[in-house]
file upload_24.cif (mmCIF, C-alpha atoms)
data_run
#
loop_
_atom_site.label_atom_id
_atom_site.label_comp_id
_atom_site.auth_asym_id
_atom_site.auth_seq_id
_atom_site.Cartn_x
_atom_site.Cartn_y
_atom_site.Cartn_z
CA MET V 4 13.10 -45.00 -7.46
CA SER V 5 14.32 -41.85 -9.04
CA SER V 6 15.91 -39.39 -6.67
CA GLY V 7 18.44 -37.92 -9.05
CA ASN V 8 16.02 -35.54 -10.77
CA GLU V 9 16.98 -32.43 -8.87
CA ILE V 10 16.64 -29.24 -10.82
CA ILE V 11 18.98 -26.47 -9.76
CA VAL V 12 18.52 -23.09 -11.40
CA GLY V 13 20.49 -20.00 -10.43
CA GLY V 14 21.86 -21.81 -7.37
CA HIS V 15 18.32 -22.55 -6.14
CA LYS V 16 17.01 -26.11 -5.83
CA VAL V 17 13.52 -26.33 -7.31
CA ALA V 18 11.09 -28.03 -4.92
CA HIS V 19 10.45 -31.64 -5.95
CA HIS V 20 6.74 -31.19 -6.72
CA PHE V 21 7.45 -28.70 -9.52
CA GLU V 22 8.33 -29.67 -13.07
CA SER V 23 10.53 -26.66 -13.70
CA ALA V 24 11.87 -23.45 -12.19
CA GLU V 25 9.40 -21.51 -14.34
CA GLN V 26 6.44 -23.48 -12.97
CA GLU V 27 7.65 -22.85 -9.42
CA PHE V 28 8.00 -19.12 -10.12
CA GLN V 29 4.50 -18.90 -11.59
CA ALA V 30 2.95 -20.89 -8.73
CA SER V 31 4.59 -18.57 -6.18
CA LYS V 32 3.27 -15.51 -7.97
CA LEU V 33 -0.24 -16.94 -8.19
CA GLY V 34 -0.10 -17.64 -4.44
CA ILE V 35 0.95 -14.12 -3.47
CA TRP V 36 -1.66 -12.57 -5.77
CA LEU V 37 -4.42 -14.62 -4.13
CA PHE V 38 -3.14 -13.42 -0.76
CA LEU V 39 -3.10 -9.81 -1.98
CA CYS V 40 -6.76 -10.18 -3.01
CA THR V 41 -7.68 -11.07 0.58
CA GLU V 42 -5.66 -8.04 1.74
CA ILE V 43 -7.54 -5.74 -0.64
CA LEU V 44 -10.86 -7.04 0.68
CA MET V 45 -9.79 -6.73 4.34
CA PHE V 46 -8.67 -3.10 3.98
CA GLY V 47 -11.58 -2.50 1.60
CA GLY V 48 -14.10 -3.25 4.34
CA LEU V 49 -12.54 -0.53 6.52
CA PHE V 50 -12.52 1.93 3.61
CA VAL V 51 -16.23 1.31 2.95
CA GLY V 52 -17.00 1.87 6.65
CA TYR V 53 -14.98 5.09 6.60
CA VAL V 54 -16.76 6.48 3.54
CA VAL V 55 -20.23 5.59 4.86
CA PHE V 56 -19.68 7.27 8.26
CA HIS V 57 -17.91 10.21 6.59
CA ASN V 58 -21.12 10.76 4.67
CA ILE V 59 -23.26 10.66 7.83
CA TYR V 60 -21.00 12.90 9.99
CA PRO V 61 -19.06 15.15 7.56
CA GLU V 62 -18.37 17.94 10.10
CA MET V 63 -17.05 15.48 12.66
CA PHE V 64 -14.66 13.92 10.12
CA ALA V 65 -13.50 17.38 9.02
CA GLU V 66 -12.67 18.26 12.62
CA GLY V 67 -10.83 14.95 13.06
CA ALA V 68 -8.73 15.54 9.93
CA LYS V 69 -7.67 18.96 11.31
CA HIS V 70 -5.86 17.16 14.14
CA LEU V 71 -3.66 15.37 11.62
CA ASP V 72 -0.54 17.02 10.24
CA TRP V 73 -0.69 16.84 6.43
CA LYS V 74 3.03 17.71 6.25
CA LEU V 75 3.98 14.55 8.15
CA GLY V 76 1.48 12.57 6.07
CA SER V 77 2.98 13.91 2.82
CA LEU V 78 6.51 13.18 4.00
CA ASN V 79 5.50 9.59 4.81
CA THR V 80 3.89 9.25 1.37
CA VAL V 81 7.16 10.31 -0.29
CA VAL V 82 9.15 7.92 1.93
CA LEU V 83 6.92 4.96 0.97
CA LEU V 84 6.97 5.82 -2.74
CA VAL V 85 10.77 5.97 -2.71
CA SER V 86 10.86 2.64 -0.86
CA SER V 87 8.66 1.07 -3.55
CA PHE V 88 11.08 2.40 -6.17
CA THR V 89 14.14 0.95 -4.40
CA MET V 90 12.29 -2.37 -3.86
CA VAL V 91 11.60 -2.71 -7.58
CA LEU V 92 15.22 -1.72 -8.33
CA SER V 93 16.45 -4.60 -6.15
CA ILE V 94 14.62 -6.93 -8.55
CA TYR V 95 15.96 -5.02 -11.55
CA TYR V 96 19.55 -5.44 -10.30
CA ALA V 97 18.94 -9.14 -9.60
CA GLN V 98 17.61 -9.55 -13.15
CA THR V 99 20.78 -7.91 -14.47
CA ASN V 100 23.10 -9.89 -12.10
CA GLN V 101 24.34 -6.91 -10.04
CA SER V 102 24.05 -8.54 -6.63
CA LYS V 103 25.87 -5.84 -4.65
CA LYS V 104 23.35 -3.25 -5.84
CA THR V 105 20.49 -5.64 -5.09
CA SER V 106 21.45 -5.84 -1.42
CA ASN V 107 22.06 -2.06 -1.21
CA MET V 108 18.57 -1.38 -2.57
CA LEU V 109 17.04 -3.82 -0.07
CA LEU V 110 18.83 -2.02 2.77
CA ILE V 111 17.54 1.38 1.58
CA THR V 112 14.01 -0.06 1.34
CA PHE V 113 14.28 -1.37 4.90
CA LEU V 114 15.52 2.03 6.15
CA CYS V 115 12.63 3.81 4.38
CA GLY V 116 10.22 1.50 6.22
CA LEU V 117 11.98 2.42 9.46
CA ILE V 118 11.70 6.19 8.74
CA PHE V 119 7.99 5.71 7.99
CA MET V 120 7.40 3.96 11.33
CA VAL V 121 9.41 6.58 13.30
CA ILE V 122 7.33 9.41 11.82
CA LYS V 123 4.18 7.39 12.56
CA ALA V 124 5.34 6.95 16.17
CA PHE V 125 5.70 10.76 16.55
CA GLU V 126 2.18 11.21 15.21
CA TYR V 127 0.73 8.55 17.53
CA ASN V 128 2.58 10.04 20.49
CA HIS V 129 1.05 13.45 19.81
CA LYS V 130 -2.49 12.00 19.57
CA ILE V 131 -2.08 9.95 22.73
CA HIS V 132 -0.93 13.05 24.68
CA MET V 133 -3.90 15.05 23.38
CA GLY V 134 -6.33 12.27 24.36
CA LEU V 135 -7.42 11.90 20.72
CA LEU V 136 -8.11 8.20 21.05
CA PRO V 137 -10.81 5.70 20.06
CA GLY V 138 -13.98 5.06 22.04
CA GLU V 139 -13.92 5.49 25.80
CA LEU V 140 -10.18 6.24 25.79
CA PHE V 141 -11.04 9.60 24.18
CA THR V 142 -10.30 12.37 26.72
CA TYR V 143 -9.87 15.44 24.48
CA GLU V 144 -11.81 18.36 26.05
CA ASN V 145 -12.25 20.83 23.19
CA ALA V 146 -14.16 18.72 20.68
CA GLN V 147 -16.47 20.91 18.56
CA THR V 148 -18.59 18.07 17.21
CA ALA V 149 -20.20 14.97 18.72
CA ASN V 150 -18.74 11.49 18.16
CA LEU V 151 -15.21 12.74 17.40
CA ALA V 152 -13.89 9.56 19.03
CA MET V 153 -15.23 7.63 16.03
CA TYR V 154 -12.83 9.45 13.69
CA PHE V 155 -9.93 8.27 15.83
CA SER V 156 -11.29 4.73 15.92
CA PHE V 157 -10.99 4.72 12.14
CA TYR V 158 -7.65 6.53 12.23
CA PHE V 159 -5.97 4.14 14.66
CA LEU V 160 -7.52 0.99 13.21
CA MET V 161 -6.61 1.81 9.59
CA THR V 162 -3.14 3.26 10.19
CA GLY V 163 -2.43 0.60 12.84
CA LEU V 164 -3.34 -2.26 10.52
CA HIS V 165 -1.31 -0.60 7.76
CA GLY V 166 1.62 0.01 10.14
CA SER V 167 1.65 -3.65 11.19
CA HIS V 168 1.93 -4.53 7.49
CA VAL V 169 4.89 -2.15 7.16
CA LEU V 170 6.58 -3.84 10.15
CA ILE V 171 6.02 -7.32 8.68
CA GLY V 172 7.29 -6.08 5.30
CA MET V 173 10.40 -4.63 6.97
CA GLY V 174 11.09 -7.99 8.62
CA LEU V 175 10.78 -9.78 5.28
CA ILE V 176 12.99 -7.23 3.51
CA PHE V 177 15.63 -7.55 6.25
CA TRP V 178 15.58 -11.32 5.70
CA LEU V 179 16.00 -10.78 1.93
CA TRP V 180 18.89 -8.39 2.64
CA LEU V 181 20.68 -11.07 4.66
CA ARG V 182 20.12 -13.60 1.86
CA SER V 183 21.23 -11.16 -0.85
CA ARG V 184 24.52 -10.64 1.02
CA LYS V 185 25.10 -14.36 0.54
CA ASN V 186 24.59 -13.85 -3.22
CA GLU V 187 21.46 -15.99 -3.31
CA PHE V 188 19.67 -13.93 -5.96
CA ASN V 189 20.49 -13.62 -9.66
CA LYS V 190 18.79 -13.42 -13.03
CA ASP V 191 17.69 -17.05 -12.87
CA TYR V 192 16.39 -16.98 -9.30
CA TYR V 193 14.80 -13.94 -7.66
CA THR V 194 11.38 -15.34 -6.65
CA PRO V 195 11.53 -14.16 -2.99
CA LEU V 196 12.34 -10.59 -4.14
CA GLU V 197 9.37 -10.63 -6.50
CA ILE V 198 6.96 -12.04 -3.87
CA VAL V 199 7.96 -9.70 -1.03
CA GLY V 200 8.08 -6.83 -3.54
CA LEU V 201 4.47 -7.42 -4.55
CA PHE V 202 3.45 -7.39 -0.87
CA TRP V 203 5.43 -4.19 -0.23
CA HIS V 204 3.87 -2.42 -3.24
CA LEU V 205 0.38 -3.35 -2.08
CA VAL V 206 1.15 -1.82 1.32
CA ASP V 207 2.25 1.29 -0.60
CA VAL V 208 -0.99 1.30 -2.66
CA ILE V 209 -3.07 1.12 0.55
CA TRP V 210 -1.19 4.15 1.93
CA ILE V 211 -1.77 5.99 -1.37
CA TYR V 212 -5.51 5.80 -0.55
CA LEU V 213 -5.20 6.26 3.23
CA PHE V 214 -3.19 9.49 2.98
CA PRO V 215 -5.73 11.68 1.13
CA LEU V 216 -8.68 10.03 2.88
CA LEU V 217 -7.41 10.65 6.43
CA TYR V 218 -5.22 13.76 6.09
CA LEU V 219 -6.66 15.79 3.22
CA VAL V 220 -10.36 15.12 2.67
CA GLY V 221 -11.88 16.77 5.70
CA MET K 9 13.32 -19.49 -22.57
CA GLU K 10 12.18 -15.89 -22.34
CA HIS K 11 8.86 -15.52 -20.57
CA ASP K 12 6.68 -12.43 -20.35
CA SER K 13 6.78 -12.33 -16.55
CA HIS K 14 10.59 -12.10 -16.61
CA HIS K 15 10.42 -9.00 -18.79
CA ILE K 16 13.03 -6.51 -17.63
CA ILE K 17 11.63 -2.98 -17.45
CA PRO K 18 14.38 -0.39 -18.10
CA PHE K 19 15.73 1.63 -15.16
CA LYS K 20 14.62 4.86 -16.83
CA THR K 21 10.99 3.70 -16.89
CA TYR K 22 11.07 3.00 -13.15
CA LEU K 23 12.58 6.43 -12.52
CA ASN K 24 9.91 8.14 -14.64
CA ILE K 25 7.17 6.29 -12.76
CA LEU K 26 8.65 7.43 -9.42
CA LEU K 27 8.79 11.05 -10.64
CA GLY K 28 5.18 10.76 -11.86
CA LEU K 29 4.09 9.41 -8.47
CA LEU K 30 5.88 12.24 -6.63
CA PHE K 31 4.30 14.82 -8.96
CA LEU K 32 0.82 13.38 -8.31
CA THR K 33 1.50 13.45 -4.56
CA VAL K 34 2.33 17.18 -4.77
CA LEU K 35 -0.79 17.70 -6.88
CA THR K 36 -3.11 15.92 -4.44
CA VAL K 37 -1.69 18.00 -1.57
CA LEU K 38 -2.05 21.25 -3.53
CA VAL K 39 -5.71 20.71 -4.39
CA ALA K 40 -6.61 19.77 -0.80
CA LYS K 41 -8.90 22.20 0.99
CA PRO K 42 -7.01 22.26 4.34
CA VAL K 43 -3.73 23.07 2.52
CA SER K 44 -4.52 25.55 -0.26
CA GLY K 45 -8.15 26.44 0.42
CA PHE K 46 -9.08 25.09 -3.03
CA ASP K 47 -12.67 23.91 -2.69
CA ALA K 48 -14.63 21.99 -5.31
CA GLY K 49 -17.40 21.16 -2.84
CA VAL K 50 -18.64 17.59 -3.07
CA LEU K 51 -16.01 16.92 -5.74
CA ASN K 52 -13.11 17.31 -3.23
CA ALA K 53 -13.17 13.67 -2.17
CA PHE K 54 -13.79 12.56 -5.75
CA ILE K 55 -10.72 14.45 -7.04
CA ALA K 56 -8.52 13.07 -4.22
CA MET K 57 -9.67 9.49 -4.91
CA LEU K 58 -9.19 9.94 -8.66
CA ILE K 59 -5.57 11.06 -8.21
CA ALA K 60 -4.99 8.20 -5.73
CA SER K 61 -6.37 5.73 -8.27
CA VAL K 62 -4.02 6.99 -11.01
CA LYS K 63 -1.11 6.56 -8.57
CA ALA K 64 -2.29 3.07 -7.57
CA GLY K 65 -2.63 2.21 -11.27
CA LEU K 66 0.97 3.28 -11.97
CA VAL K 67 2.28 1.23 -9.03
CA ALA K 68 0.27 -1.83 -10.09
CA ALA K 69 1.16 -1.60 -13.79
CA TYR K 70 4.91 -0.96 -13.46
CA PHE K 71 6.18 -1.68 -9.92
CA MET K 72 3.94 -4.75 -9.58
CA HIS K 73 4.70 -5.68 -13.21
CA LEU K 74 1.03 -6.23 -14.10
CA LYS K 75 1.48 -4.59 -17.50
CA TYR K 76 3.87 -7.29 -18.72
CA ASP K 77 2.79 -10.12 -16.45
CA ASN K 78 0.61 -13.17 -16.91
CA LYS K 79 -2.88 -11.70 -17.38
CA LEU K 80 -4.24 -14.12 -14.76
CA HIS K 81 -2.74 -11.88 -12.04
CA LEU K 82 -4.39 -8.80 -13.51
CA ALA K 83 -7.70 -10.69 -13.59
CA LEU K 84 -7.36 -11.65 -9.91
CA PHE K 85 -6.55 -8.05 -8.99
CA LEU K 86 -9.54 -6.68 -10.92
CA ILE K 87 -11.91 -9.33 -9.51
CA SER K 88 -11.00 -8.33 -5.94
CA ILE K 89 -11.60 -4.65 -6.87
CA PHE K 90 -14.94 -5.63 -8.42
CA PHE K 91 -16.12 -7.32 -5.23
CA LEU K 92 -14.99 -4.30 -3.24
CA VAL K 93 -17.18 -2.13 -5.49
CA VAL K 94 -20.11 -4.52 -4.90
CA LEU K 95 -19.60 -4.23 -1.13
CA PHE K 96 -19.41 -0.46 -1.39
CA ALA K 97 -22.44 -0.07 -3.68
CA PHE K 98 -24.79 -2.24 -1.62
CA SER K 99 -23.71 -0.60 1.67
CA TRP K 100 -24.10 2.84 0.12
CA PHE K 101 -27.59 2.25 -1.26
CA ASP K 102 -28.63 0.77 2.06
CA ILE K 103 -27.40 3.80 4.04
CA ILE K 104 -28.70 6.57 1.78
CA THR K 105 -32.19 5.07 1.50
CA ARG K 106 -32.62 4.96 5.27
CA ILE K 107 -34.30 7.61 7.37
CA GLN K 108 -31.32 9.39 8.94
CA GLN K 109 -31.05 9.14 12.69
CA LEU K 110 -28.04 11.01 13.98
CA SER K 111 -26.60 10.08 17.32
CA THR K 112 -26.25 12.99 19.77
CA LEU K 113 -23.78 11.27 22.06
#
call {"tool": "encode", "arguments": {"input": "upload_24.cif", "output": "structure tokens"}}
result
Amino acid sequence: MSSGNEIIVGGHKVAHHFESAEQEFQASKLGIWLFLCTEILMFGGLFVGYVVFHNIYPEMFAEGAKHLDWKLGSLNTVVLLVSSFTMVLSIYYAQTNQSKKTSNMLLITFLCGLIFMVIKAFEYNHKIHMGLLPGELFTYENAQTANLAMYFSFYFLMTGLHGSHVLIGMGLIFWLWLRSRKNEFNKDYYTPLEIVGLFWHLVDVIWIYLFPLLYLVG
Amino acid sequence: MEHDSHHIIPFKTYLNILLGLLFLTVLTVLVAKPVSGFDAGVLNAFIAMLIASVKAGLVAAYFMHLKYDNKLHLALFLISIFFLVVLFAFSWFDIITRIQQLSTL
């Protein structure tokens, strides 16, 4: 009966089924990468559908894109890129044992996510007032091309799924911020920062493709 | 014990990557037809996706640490991209070899 084999590294107790902190770290990273693969394939299916229908109805997609404000889209792209930068800096400061800066960076990342969602809410609000909505909810009167509702089915499904990822990411980053204020992260233990960071960057990568596809390529 | 996946990338590298990403964002906006009127015809979408892929590559290599990480993670990432390409290619060849029937709804 051996119960005295606890491994504590960087203030973190390694789960009993791991041999070492390093093994635990690697297992966590493998897990999140497998999850990210399923995310890529889920969003990928929507992207393939978008490209196929864009090819069949190019004029309709061009008209749909005109209803989107590329300035707001660009602003949101910059906000997400900056948030990715601050997210990775939170890990950098944990790796160099500057815990105050780690929690500041997490807070900035969270606020960037919030700015992104507020801008998105303004955009959605505008579309809802114009009646630019999916399927039978579509009530816009001045459509120049047939099937314009399909563009907004893609728009709301893709940005909505992406937005829900941003909200989940914000929740996780807020949780990390609370933990970082208790000095839980340091150079020997920053696994949660790394895992949530990888998720947050993937959400950023998806927006990097969504932005030109929806707002610019008309 | 120093392990590859704990490699610390210098602050300056992260900053340069951010500046590169912002530059590419400006570039993709500037070459967009609705913004500047620049029109390369069928290449418009191709150019936009190419710039997006360079940006995604920078994020994956540096922010997601793939460049210095265990190569298993890079392999997983590339395998998921490969299957996405398979999905795209088969759907595409299916659609373009059909007789087009446009809905008039």
call {"tool": "resolve_selection", "arguments": {"input": "upload_24.cif", "expression": "the PyMOL selection byres ((chain V) within 7 of (chain K))", "output": "PyMOL selection string"}}
result
chain V and resi 33+36+40+43-44+47+51+55+81+88+91+95+149-150+201+204+208+211-212+215+219-220
call {"tool": "resolve_selection", "arguments": {"input": "upload_24.cif", "expression": "the PyMOL selection byres ((chain V and resi 17) around 12)", "output": "PyMOL selection string"}}
result
chain V and resi 8-16+18-28+30-31+191-192+194
call {"tool": "atom_distance", "arguments": {"input": "upload_24.cif", "atom1": "atom CA of V:Met133", "atom2": "atom CA of V:Met63"}}
result
17.0 Å
call {"tool": "atom_distance", "arguments": {"input": "upload_24.cif", "atom1": "atom CA of V:Ser102", "atom2": "atom CA of V:Leu179"}}
result
12.0 Å
call {"tool": "atom_distance", "arguments": {"input": "upload_24.cif", "atom1": "atom CA of V:Trp178", "atom2": "atom CA of V:Ser106"}}
result
10.7 Å
call {"tool": "residues_near_point", "arguments": {"input": "upload_24.cif", "point": "(5.6, -5.8, 5.4)", "cutoff": "10 Å", "atoms": "all atoms listed in the file", "output": "NGL selection string"}}
result
:V and (113 or 116 or 165-176 or 199-200 or 202-207)
call {"tool": "residues_around", "arguments": {"input": "upload_24.cif", "residues": "V:Gly76", "least_positions_apart": "2", "cutoff": "12 Å", "atoms": "all atoms listed in the file", "output": "PDB file with C-alpha atoms, keeping the file's coordinate frame"}}
result
ATOM      1  CA  ALA V  68      -8.730  15.540   9.930  1.00  0.00           C
ATOM      2  CA  HIS V  70      -5.860  17.160  14.140  1.00  0.00           C
ATOM      3  CA  LEU V  71      -3.660  15.370  11.620  1.00  0.00           C
ATOM      4  CA  ASP V  72      -0.540  17.020  10.240  1.00  0.00           C
ATOM      5  CA  TRP V  73      -0.690  16.840   6.430  1.00  0.00           C
ATOM      6  CA  LYS V  74       3.030  17.710   6.250  1.00  0.00           C
ATOM      7  CA  LEU V  78       6.510  13.180   4.000  1.00  0.00           C
ATOM      8  CA  ASN V  79       5.500   9.590   4.810  1.00  0.00           C
ATOM      9  CA  THR V  80       3.890   9.250   1.370  1.00  0.00           C
ATOM     10  CA  VAL V  81       7.160  10.310  -0.290  1.00  0.00           C
ATOM     11  CA  VAL V  82       9.150   7.920   1.930  1.00  0.00           C
ATOM     12  CA  LEU V  83       6.920   4.960   0.970  1.00  0.00           C
ATOM     13  CA  PHE V 119       7.990   5.710   7.990  1.00  0.00           C
ATOM     14  CA  MET V 120       7.400   3.960  11.330  1.00  0.00           C
ATOM     15  CA  ILE V 122       7.330   9.410  11.820  1.00  0.00           C
ATOM     16  CA  LYS V 123       4.180   7.390  12.560  1.00  0.00           C
ATOM     17  CA  PHE V 125       5.700  10.760  16.550  1.00  0.00           C
ATOM     18  CA  GLU V 126       2.180  11.210  15.210  1.00  0.00           C
ATOM     19  CA  THR V 162      -3.140   3.260  10.190  1.00  0.00           C
ATOM     20  CA  TRP V 210      -1.190   4.150   1.930  1.00  0.00           C
ATOM     21  CA  ILE V 211      -1.770   5.990  -1.370  1.00  0.00           C
ATOM     22  CA  TYR V 212      -5.510   5.800  -0.550  1.00  0.00           C
ATOM     23  CA  LEU V 213      -5.200   6.260   3.230  1.00  0.00           C
ATOM     24  CA  PHE V 214      -3.190   9.490   2.980  1.00  0.00           C
ATOM     25  CA  PRO V 215      -5.730  11.680   1.130  1.00  0.00           C
ATOM     26  CA  LEU V 216      -8.680  10.030   2.880  1.00  0.00           C
ATOM     27  CA  LEU V 217      -7.410  10.650   6.430  1.00  0.00           C
ATOM     28  CA  TYR V 218      -5.220  13.760   6.090  1.00  0.00           C
ATOM     29  CA  LEU V 219      -6.660  15.790   3.220  1.00  0.00           C
TER      30      LEU V 219
ATOM     31  CA  THR K  33       1.500  13.450  -4.560  1.00  0.00           C
ATOM     32  CA  VAL K  34       2.330  17.180  -4.770  1.00  0.00           C
ATOM     33  CA  THR K  36      -3.110  15.920  -4.440  1.00  0.00           C
ATOM     34  CA  VAL K  37      -1.690  18.000  -1.570  1.00  0.00           C
TER      35      VAL K  37
END
call {"tool": "axis_aligned_box", "arguments": {"input": "upload_24.cif", "around": "stretch 98-105 of chain V", "padding_each_side": "6 Å", "output": "AutoDock Vina command-line options"}}
result
--center_x 21.7 --center_y -6.6 --center_z -9.6 --size_x 20.3 --size_y 18.6 --size_z 21.8
call {"tool": "resolve_selection", "arguments": {"input": "upload_24.cif", "expression": "the PyMOL selection byres ((chain V and resi 64) around 10)", "output": "ChimeraX atom specification"}}
result
/V:53,56-63,65-69,148,150-155,217,220-221
call {"tool": "write_last_selection", "arguments": {"input": "upload_24.cif", "atoms": "C-alpha atoms", "output": "mmCIF file, in the frame of the given file"}}
result
data_model
loop_
_atom_site.group_PDB
_atom_site.id
_atom_site.type_symbol
_atom_site.label_atom_id
_atom_site.label_comp_id
_atom_site.auth_asym_id
_atom_site.auth_seq_id
_atom_site.Cartn_x
_atom_site.Cartn_y
_atom_site.Cartn_z
ATOM 1 C CA TYR V 53 -14.980 5.090 6.600
ATOM 2 C CA PHE V 56 -19.680 7.270 8.260
ATOM 3 C CA HIS V 57 -17.910 10.210 6.590
ATOM 4 C CA ASN V 58 -21.120 10.760 4.670
ATOM 5 C CA ILE V 59 -23.260 10.660 7.830
ATOM 6 C CA TYR V 60 -21.000 12.900 9.990
ATOM 7 C CA PRO V 61 -19.060 15.150 7.560
ATOM 8 C CA GLU V 62 -18.370 17.940 10.100
ATOM 9 C CA MET V 63 -17.050 15.480 12.660
ATOM 10 C CA ALA V 65 -13.500 17.380 9.020
ATOM 11 C CA GLU V 66 -12.670 18.260 12.620
ATOM 12 C CA GLY V 67 -10.830 14.950 13.060
ATOM 13 C CA ALA V 68 -8.730 15.540 9.930
ATOM 14 C CA LYS V 69 -7.670 18.960 11.310
ATOM 15 C CA THR V 148 -18.590 18.070 17.210
ATOM 16 C CA ASN V 150 -18.740 11.490 18.160
ATOM 17 C CA LEU V 151 -15.210 12.740 17.400
ATOM 18 C CA ALA V 152 -13.890 9.560 19.030
ATOM 19 C CA MET V 153 -15.230 7.630 16.030
ATOM 20 C CA TYR V 154 -12.830 9.450 13.690
ATOM 21 C CA PHE V 155 -9.930 8.270 15.830
ATOM 22 C CA LEU V 217 -7.410 10.650 6.430
ATOM 23 C CA VAL V 220 -10.360 15.120 2.670
ATOM 24 C CA GLY V 221 -11.880 16.770 5.700
#
call {"tool": "closest_residue", "arguments": {"input": "upload_24.cif", "among": "V:Tyr143, V:Phe177, V:Phe188, V:Phe50", "to": "V:Thr112", "atoms": "all atoms listed in the file"}}
result
V:Phe177
